[in-house]
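A.B. asks: One structure coming up, written as structure tokens, with questions to follow.
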Amino acid sequence: MGIKRRHWALAAAPLALALLTATGCESTSGTPAAKPSTAPSTATSAARSMARVCAHPAAGPAKAPAGAVTVDPAVVGDLASKTKSSPANTTFWLRPGKHRLTPDRYAQVIPKKGDRYLGAPGAVLDGGKKNQYAFAGTARDVTIRYLTVQHFVAPQNEGVVNHDSADGWVIEHTTIQDNSGAGLMAGARQQVRASCLRDNGQYGMNAYKGGGGISGLVVEDNEIVGNNTDNWERKQEGCGCSGGIKFWAVNGADVRGNWVHDNRGAGLWADTNNNDFLIENNVLENNDGAALIYETSYNAIIRNNTIRRNNWVEGRRYADRGDNFPYATVYLSESGGEPRVRARTDKIEIYRNVLENNWSGITLWENADRFCNSPANTSSGDCTLLVKDPHRCVEPAIAKAPLYSDCRWKTQRVDIHDNRFVLDESVVQCTEMCDRMAVLSNYGTYPDWSPYKGEKVAEAITHEQDNRWHHNVYVGPWEFVAYDPSRVFDFDEWQGTDYRQDAGSTLDPRAGG
């Protein structure tokens with residue numbers, strides 16, 4: 001899982017917890033607020049409606065609901081014990097106070113099907129830095145509301161809540177904070193709403209299910225902040241294992257109305273055979289890395305998001321090294337529209353977003369050496385959704401149709417329109433390399449039997465795979481990269497006969513978009 005850091009991914013970096021004073025937001029970590037934004041009114045409007053659930057969590061029931069089993073914080077292990085002794089479909093009401101499990105690393109709550117856990121005001125389930133998991137097991141349709149879950153020590157890539165990725169869980173009005181690993185795992189039809197996923201060691205949520213994919217995931221109106229406190233990309237360089245939320249093989253996800261900010265690394269990262277995402281009405285800001293990475297995945301709608309001041313740490317780090325790759329705040333890597341994979345759209349559509357003062361804009365990238373069965377495919381063992389068996393992608397068959405096309409994840413059918421791109425270099429504090437919009441590939445070199453050597457993929461992604469910018473508004477000193485990192489153009493050349501991008505777009509700051 002994950003990807004190595006050559007020129008086909010972004011890495012994580014130190015945390016920067018600062019929020020906008022322009023929107024009246026308070027810092028959740030005590031750090032000073034950033035200077036007021038110069039975003040247009042559409043961005044300010046979106047910010048005012050964003051979820052601020054960490055600072056103002058909703059309160060649970062002050063009294064036990066009729067028929068509920070009351071859980072006593074004074075009795076260590078009471079929650080796990082009463083869950084075990086109660087039948088399925090039981091409602092548990094956790095009284096105010098700090099609830100603890102037996103102080104053993106494997107002590108955990110194992111819900112039964114349909115169990116419901118409701119926290120009273122001030123109810124906290126605390127792992128005491130000893131228990132690895134809070135809620136585990138394979139029971140379906142479990143509900144957790146109005147509860148704080150903290151101080152659990154899950155191992156890398158594992159999660160504290162819904163540890164075993166059971167299906168149909170509902171997590172609402174819940175704070176999951178200060179845990180190691182991922183605060184939350186995900187199963188099919190899981191709903192995560194109005195919750196605070198804060199300051200967890202690796203991810204706020206790891207949407208991964210061993211042995212199978214996830215479908216029908218909803219992530220709505222949450223605050224996802226300060227995650228990857230353990231700085232995993234520095235511990236394991238190139239692991240691709242950090243950020244606000246990571247999605248793996250999710251088929252059908254609605255990610256809307258969330259405030260994803262100040263995460264160490266990427267805000268949202270969909271990695272390996274995800275499909276049919278709707279990412280809308282989110283505010284993605286102040287993440288150290290990209291706001292959004294969509295990697296080796298398919299078919300998505302990305303619209304009406306406010307995306308600002310992302311990638312300052314990671315983008316600057318690579319620029320300071322002299323790396324000329326356009327590390328962007330929205331990064332599509334080997335991802336595109338595919339009509340043969342069923343979804344709400346057969347494209348990746350990016351429209352009506354405001355991107356303001358990020359380190360660079362949108363990069364469409366394809367690694368010519370990354371395909372099924374190639375040693376450069378860092379999602380080892382995985383193949384495209386068009387070829388189930390990677391072992392079919394070998395010579396001589398891979399050099400001919402249909403495998404020549406189907407063995408490669410393609411950045412294709414990407415439609416970028418009616419967005420507003422704003423860049424003030426004095427705000428970002430840069431003079432170069434922070435102003436790029438790009439569509440490019442590398443020169444194919446290996447393995448020896450690869451049919452994609454040379455400039456074949458660069459030619460395809462730039463000219464042949466229906467990747468288009470049009471009817472956008474650009475404010476600031478933007479430059480454009482096509483084909484490979486060395487080819488940098490101004491707006492006129494980008495629109496010219498060689499590349500024919502951004503038809504109907506404008507540099508007029510008074511224009512809409």
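Residue numbering restarts at 1 for every chain of the structure tokens, chains are lettered A, B, ... in their displayed order, and ligands are numbered from 1 as they appear.
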Name all residues at most 10 Å from Pro65 (chain A) (count only C-alpha atoms; drop same-chain ones fewer than 3 positions away) and give them as JSON, numbers by chain.
C.D. replies: {"A": [61, 62, 68, 69, 70, 91, 92, 93, 118]}
A.B. asks: Quick one: pick out all strand (DSSP E or B) residues within region 121-243 of chain A from a backbone DSSP run and write them as an MDAnalysis selection string.
C.D. replies: chainID A and resid 123:126 135 143:145 148:150 153 159:161 170:172 175:177 180 182:185 191:193 196:198 203:207 214:220 223:225 243
A.B. asks: Determine, counting only C-alpha atoms, which protein, DNA and RNA residues have an atom within 8 Å of an atom of Asp424 (chain A); residues of the same chain fewer than 6 positions away are not included. Present the result as a PyMOL selection string.
C.D. replies: chain A and resi 357+476-477
A.B. asks: Can you pull out every residue within 10 Å of Lys456 (chain A), counting only C-alpha atoms, but drop anything in the same chain fewer than 2 positions away, and send it as a list in words?
C.D. replies: Ala368, Ser441, Asn442, Tyr443, Gly444, Pro451, Tyr452, Lys453, Gly454, Ala458, Glu459, Ala460 and Ile461 of chain A
A.B. asks: May I ask which of the residues A:Ala376, A:Val422, A:Val109, A:Cys383 is the closest one to Arg308 (chain A), counting only C-alpha atoms?
C.D. replies: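 Looking at the shortest contact to Arg308 (chain A), the residue is A:Val422.
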A.B. asks: Show me, as a list in words, the residues that have an atom within 9 Å of Cys430 (chain A) when counting only C-alpha atoms, minus same-chain residues fewer than 5 positions from it.
C.D. replies: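 Residues near the query, excluding close chain neighbours: Arg316, Trp359, Glu425 and Asp435 of chain A.
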A.B. asks: Could those residues be written to a file, using N, CA and C atoms, as an mmCIF file, in the first residue's frame?
C.D. replies:
data_model
loop_
_atom_site.group_PDB
_atom_site.id
_atom_site.type_symbol
_atom_site.label_atom_id
_atom_site.label_comp_id
_atom_site.auth_asym_id
_atom_site.auth_seq_id
_atom_site.Cartn_x
_atom_site.Cartn_y
_atom_site.Cartn_z
ATOM 1 N N ARG A 316 7.284 23.502 -0.424
ATOM 2 C CA ARG A 316 8.512 24.255 -0.190
ATOM 3 C C ARG A 316 9.702 23.326 0.040
ATOM 4 N N TRP A 359 0.254 26.062 -2.447
ATOM 5 C CA TRP A 359 1.498 25.837 -3.185
ATOM 6 C C TRP A 359 1.138 25.066 -4.453
ATOM 7 N N GLU A 425 1.881 35.540 -4.287
ATOM 8 C CA GLU A 425 3.163 34.977 -3.861
ATOM 9 C C GLU A 425 3.660 35.595 -2.564
ATOM 10 N N ASP A 435 3.612 28.094 -8.392
ATOM 11 C CA ASP A 435 2.639 28.732 -9.276
ATOM 12 C C ASP A 435 2.290 27.852 -10.470
#
